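All remarks here apply to the structure that follows.
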Protein chains: 2
Amino acid sequence: MYVVLVHVRVKEENIDDFVKATLENATESVKEPGNRRFDVLQSSEDPCRFILYEAWGSPEDAAAHKNTPHYQKWRDTVADWMAEPRRGTEYTSLFP
Amino acid sequence: MYVVLVHVRVKEENIDDFVKATLENATESVKEPGNRRFDVLQSSEDPCRFILYEAWGSPEDAAAHKNTPHYQKWRDTVADWMAEPRRGTEYTSLFP
């Protein structure tokens, strides 16, 4: 699996809005044929910090995700709620 | 789900040893009743960096993992291969 961890810090006043929009995006994203996981994680230490744990069959599947209506809606909806720019880190999954 | 990301940096000469020992541990860990995911991720930017993505039904399930023979064997086996102390970060999974 090709994995991207998207590190997000949200403005405190937008946490609830962000969660709602992100769960909508996750619900659609797991229906994509190339998707393996789309876990939405909230930090136990700082509720403003989230990680989107996205696992895909291939890098091409991750790229295709960015062309979907649900991703593009999410991206535009959450833009003003970011406390800092999102940061993605890439991994290869050795297991499973 | 209760999620722990274990951030690991391994000495370059021990990458292969670490992968072997960690895949053995992962193979046993996914059999634990409280385990939901045990993904072993290697950084695309730096092959010495790994994340163990561990999802559990509850914090108690994660604590029980530390009492298993396979975890304790892994912990002792990899100890000298660490380039720096491991670091765990905790999350609540909002999806799925």
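Letters A, B, ... go to the chains of the structure tokens in the order shown; residues in each chain start at 1; ligands are counted from 1 in the same order.
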
What does chain B look like after a least-squares fit onto chain A on every Cα paired in order, written as a short mmCIF file (atom, residue, chain, number, x, y, z; two decimals) with C-alpha atoms, in the first residue's frame?
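Once everything was written out, this is out_23.cif:
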data_model
loop_
_atom_site.label_atom_id
_atom_site.label_comp_id
_atom_site.auth_asym_id
_atom_site.auth_seq_id
_atom_site.Cartn_x
_atom_site.Cartn_y
_atom_site.Cartn_z
CA MET B 1 -0.01 0.00 -0.01
CA TYR B 2 1.01 3.59 -0.65
CA VAL B 3 0.29 5.68 2.45
CA VAL B 4 -0.02 9.41 2.96
CA LEU B 5 -0.32 10.94 6.42
CA VAL B 6 -1.88 14.37 6.13
CA HIS B 7 -1.04 16.46 9.20
CA VAL B 8 -3.62 19.13 9.94
CA ARG B 9 -3.90 21.87 12.55
CA VAL B 10 -7.32 23.50 12.69
CA LYS B 11 -8.36 26.77 14.30
CA GLU B 12 -10.00 25.98 17.64
CA GLU B 13 -13.31 27.62 16.70
CA ASN B 14 -13.57 25.42 13.59
CA ILE B 15 -12.95 21.97 15.10
CA ASP B 16 -16.59 20.87 14.87
CA ASP B 17 -16.98 22.20 11.31
CA PHE B 18 -13.77 20.47 10.27
CA VAL B 19 -14.83 17.15 11.75
CA LYS B 20 -18.20 17.27 9.98
CA ALA B 21 -16.70 18.12 6.57
CA THR B 22 -13.91 15.58 6.98
CA LEU B 23 -16.24 12.71 7.93
CA GLU B 24 -18.28 13.46 4.80
CA ASN B 25 -15.11 13.32 2.70
CA ALA B 26 -13.94 10.10 4.40
CA THR B 27 -17.32 8.43 3.85
CA GLU B 28 -17.04 9.06 0.10
CA SER B 29 -13.28 8.39 -0.13
CA VAL B 30 -13.53 4.83 1.18
CA LYS B 31 -15.83 4.08 -1.76
CA GLU B 32 -13.04 4.84 -4.27
CA PRO B 33 -11.76 1.60 -5.81
CA GLY B 34 -8.10 2.40 -5.04
CA ASN B 35 -8.73 3.30 -1.41
CA ARG B 36 -7.60 0.91 1.33
CA ARG B 37 -8.00 3.06 4.45
CA PHE B 38 -9.14 6.59 5.21
CA ASP B 39 -8.88 6.96 8.99
CA VAL B 40 -9.59 10.33 10.58
CA LEU B 41 -7.53 10.74 13.74
CA GLN B 42 -7.80 13.45 16.38
CA SER B 43 -4.83 14.00 18.68
CA SER B 44 -5.36 13.07 22.33
CA GLU B 45 -3.00 15.86 23.39
CA ASP B 46 -4.29 18.70 21.24
CA PRO B 47 -7.85 18.53 19.82
CA CYS B 48 -6.86 21.05 17.11
CA ARG B 49 -4.50 18.48 15.58
CA PHE B 50 -5.65 15.78 13.19
CA ILE B 51 -4.08 13.20 10.93
CA LEU B 52 -5.81 11.82 7.86
CA TYR B 53 -4.38 8.34 7.44
CA GLU B 54 -4.89 7.56 3.76
CA ALA B 55 -3.81 4.21 2.31
CA TRP B 56 -4.09 3.55 -1.42
CA GLY B 57 -3.30 0.69 -3.74
CA SER B 58 -0.83 2.91 -5.62
CA PRO B 59 0.35 6.54 -5.90
CA GLU B 60 -1.91 6.81 -8.97
CA ASP B 61 -4.93 5.98 -6.80
CA ALA B 62 -3.96 8.79 -4.41
CA ALA B 63 -3.59 11.19 -7.35
CA ALA B 64 -7.01 10.16 -8.72
CA HIS B 65 -8.54 11.02 -5.33
CA LYS B 66 -7.63 14.67 -5.89
CA ASN B 67 -9.86 14.72 -8.99
CA THR B 68 -12.99 13.59 -7.13
CA PRO B 69 -15.83 16.00 -6.35
CA HIS B 70 -15.83 15.02 -2.66
CA TYR B 71 -12.10 15.79 -2.27
CA GLN B 72 -12.41 19.13 -4.07
CA LYS B 73 -15.44 20.11 -2.01
CA TRP B 74 -13.58 19.21 1.20
CA ARG B 75 -10.44 21.12 0.15
CA ASP B 76 -12.41 24.28 -0.58
CA THR B 77 -14.65 23.96 2.47
CA VAL B 78 -11.85 23.56 5.03
CA ALA B 79 -9.44 26.09 3.50
CA ASP B 80 -10.24 28.95 5.89
CA TRP B 81 -10.25 26.68 8.94
CA MET B 82 -6.56 25.75 8.75
CA ALA B 83 -4.36 27.20 11.48
CA GLU B 84 -1.32 26.35 9.34
CA PRO B 85 -0.74 24.75 5.92
CA ARG B 86 -1.42 21.02 5.75
CA ARG B 87 1.60 18.77 5.43
CA GLY B 88 1.67 15.34 3.80
CA THR B 89 4.25 12.65 4.52
CA GLU B 90 4.57 9.55 2.29
CA TYR B 91 5.21 5.94 3.21
CA THR B 92 5.25 2.47 1.76
CA SER B 93 3.35 -0.04 3.84
CA LEU B 94 5.38 -3.21 4.42
CA PHE B 95 2.53 -4.83 6.35
CA PRO B 96 -0.15 -5.77 5.62
#

Q: Check the DSSP output for the backbone and give back, as number ranges by chain, the residues of segment 30-93 of chain B in alpha helix (DSSP H).
A: B: 59-65, 69-78
